[in-house]
Amino acid sequence: MQVATEPAGRIAPLAELLNTYEIGDMARRKVDAATWALLAPADRAAFDRITFRPRMMVNTTGMDLSLELFGEKHFAPLIIGPVSQQKRFHPQGELEMARGVAAAKATMVISADSSFPLEQIVALTKAGAWFQVDLASANAAASARTAVAAGCKVVCATGTNSKALAALVKAVSGPVVAKGIVSVADAETALGAGAQGLIVSAWTTRGTTGKNEPIELLPAIVDAVKGRVPVLVDGGFRRGSDVLKGLALGARAVLVARAPVCGLAGYGAAGVQRAMEILQTDLARDMAGCGKANLAALGRDTVRVHRF
């Protein structure tokens with residue numbers, strides 16, 4: 001939003017911004033309307049139906065957000081989701097994204113449809129990178145092998161075509177995670193094809209309401225999987241409190257995209273870093289408010305799901 005007394009188009013100093021929505025406001029001033037439509041906030045109804053159960057008198061001074069996932073240690077359970085052609089948002093696109101991600105001690109998923117060569121992007125990451133590939137692509141297996149050879153730790157396969165997924169699992173040496181899981185049936189299909197992880201996520205027309213969001217689908221899928229593989233979630237996560245809700249409902253980690261991309265559009269690498277550090281800090285604060293000092297302490301008793 002534009003404050004009445006503020007000069008038109010002003011870009012505020014990054015240090016003044018306190019949440020990812022303020023970062024989004026600055027991004028909106030930097031990009032055209034069509035590009036902003038890709039970044040505009042999603043429907044929040046599903047998140048608003050979930051509230052926390054606070055706990056007092058619990059020592060959370062030793063707060064620890066770290067976790068191990070697919071054999072790698074992560075500073076926090078926040079992964080930057082795949083976004084194609086990031087030059088749409090900043091001239092240096094994925095290169096600036098990788099610099100910001102590295103500064104925030106995070107991991108990014110690199111899209112197969114990137115603006116810069118994969119090797120250049122991976123070289124700028126520190127905590128490691130993952131790779132996203134579409135199973136419908138004719139060269140999916142070759143792209144995934146190249147990505148693993150370049151240093152990507154995990155391959156995220158979009159779509160649940162069991163035959164193509166099974167072929168991809170056999171073709172690469174690293175973990176393959178199926179992205180786009182929206183039902184228990186999808187989860188079982190992906191596991192049957194050899195997926196070593198699942199990402200609950202769905203792509204729908206922006207602005208659509210009245211549909212099930214990934215966070216609503218998450219608990220049933222987690223229950224069905226019963227710990228056989230890690231389950232992650234992606235879709236509309238813009239606040240640290242959103243991330244905590246996903247973790248409390250069973251996700252091992254949460255993918256975020258809009259917040260860091262808004263940071264990229266508004267401020268480049270520094271904006272990406274700021275967006276991720278806001279999410280990390282807010283997650284820690286909200287965990288403390290619920291009396292949880294680490295991720296292992298989280299469970300469904302942390303939240304209450306309301307049906308309005």
# chains A, B, ... in the order shown; residues from 1 in each chain; ligands from 1
$ closest_atom_pairs --of "stretch 172-226 of chain A" --to "stretch 140-154 of chain A" --cutoff "6 Å" --atoms "only C-alpha atoms" --output "Markdown table"
| residue | atom | partner | partner_atom | distance |
| --- | --- | --- | --- | --- |
| A:Val172 | CA | A:Arg145 | CA | 5.5 |
| A:Gly174 | CA | A:Val154 | CA | 5.9 |
| A:Pro175 | CA | A:Val154 | CA | 5.2 |
$ write_last_selection --atoms "N, CA and C atoms" --output "short mmCIF file (atom, residue, chain, number, x, y, z; two decimals), in the first residue's frame"
data_model
loop_
_atom_site.label_atom_id
_atom_site.label_comp_id
_atom_site.auth_asym_id
_atom_site.auth_seq_id
_atom_site.Cartn_x
_atom_site.Cartn_y
_atom_site.Cartn_z
N VAL A 172 18.67 -41.45 -11.49
CA VAL A 172 19.53 -40.54 -10.73
C VAL A 172 19.99 -41.21 -9.44
N GLY A 174 20.68 -39.52 -6.49
CA GLY A 174 20.22 -38.86 -5.28
C GLY A 174 18.75 -39.10 -5.02
N PRO A 175 18.25 -38.58 -3.89
CA PRO A 175 16.83 -38.72 -3.55
C PRO A 175 15.93 -38.02 -4.57
#
$ residues_around --residues "A:Glu213" --least-positions-apart "5" --cutoff "10 Å" --atoms "only C-alpha atoms" --output "JSON, numbers by chain"
{"A": [43, 44, 45, 46, 47, 182, 200, 201, 202, 203, 204, 218, 234, 235, 236]}
$ closest_residue --among "A:Leu69, A:Ala12, A:Leu264, A:Val231" --to "A:Gln92" --atoms "only C-alpha atoms"
A:Leu264
$ residues_around --residues "A:Val243" --least-positions-apart "6" --cutoff "9 Å" --atoms "only C-alpha atoms" --output "NGL selection string"
:A and (77-78 or 237 or 253-256 or 279 or 283)
$ select_by_dssp --residues "stretch 130-160 of chain A" --states "strand (DSSP E or B)" --output "CSV table (one decimal) with C-alpha atoms, in the first residue's frame"
chain,number,residue,atom,x,y,z
A,130,TRP,CA,17.8,-28.9,-5.0
A,131,PHE,CA,16.5,-29.3,-8.6
A,132,GLN,CA,13.0,-29.3,-10.0
A,133,VAL,CA,12.1,-31.1,-13.2
A,134,ASP,CA,8.8,-31.7,-15.0
A,152,CYS,CA,22.1,-30.6,-6.4
A,153,LYS,CA,21.3,-32.8,-3.4
A,154,VAL,CA,17.6,-33.7,-4.2
A,155,VAL,CA,15.5,-33.9,-7.3
A,156,CYS,CA,11.9,-32.7,-7.1
A,157,ALA,CA,9.7,-34.3,-9.8
A,158,THR,CA,6.6,-32.4,-10.7
$ residues_around --residues "A:Glu22" --least-positions-apart "5" --cutoff "10 Å" --atoms "only C-alpha atoms" --output "PyMOL selection string"
chain A and resi 1+12+14+16-17+27-28+259+262-263+275
$ write_last_selection --atoms "C-alpha atoms" --output "tab-separated table (two decimals), in the first residue's frame"
chain	number	residue	atom	x	y	z
A	1	MET	CA	0.00	0.00	0.00
A	12	ALA	CA	11.74	2.02	1.62
A	14	LEU	CA	15.13	-2.68	3.61
A	16	GLU	CA	12.55	-0.60	7.84
A	17	LEU	CA	10.49	-3.55	6.62
A	27	ALA	CA	8.15	-5.36	-5.00
A	28	ARG	CA	4.82	-4.19	-6.38
A	259	ALA	CA	8.21	-13.99	-0.03
A	262	CYS	CA	9.21	-10.39	-3.65
A	263	GLY	CA	12.50	-9.75	-1.86
A	275	ALA	CA	12.56	-12.17	3.62
$ closest_residue --among "A:Arg88, A:Ser66, A:Gln280, A:Thr61" --to "A:Val31" --atoms "only C-alpha atoms"
A:Arg88
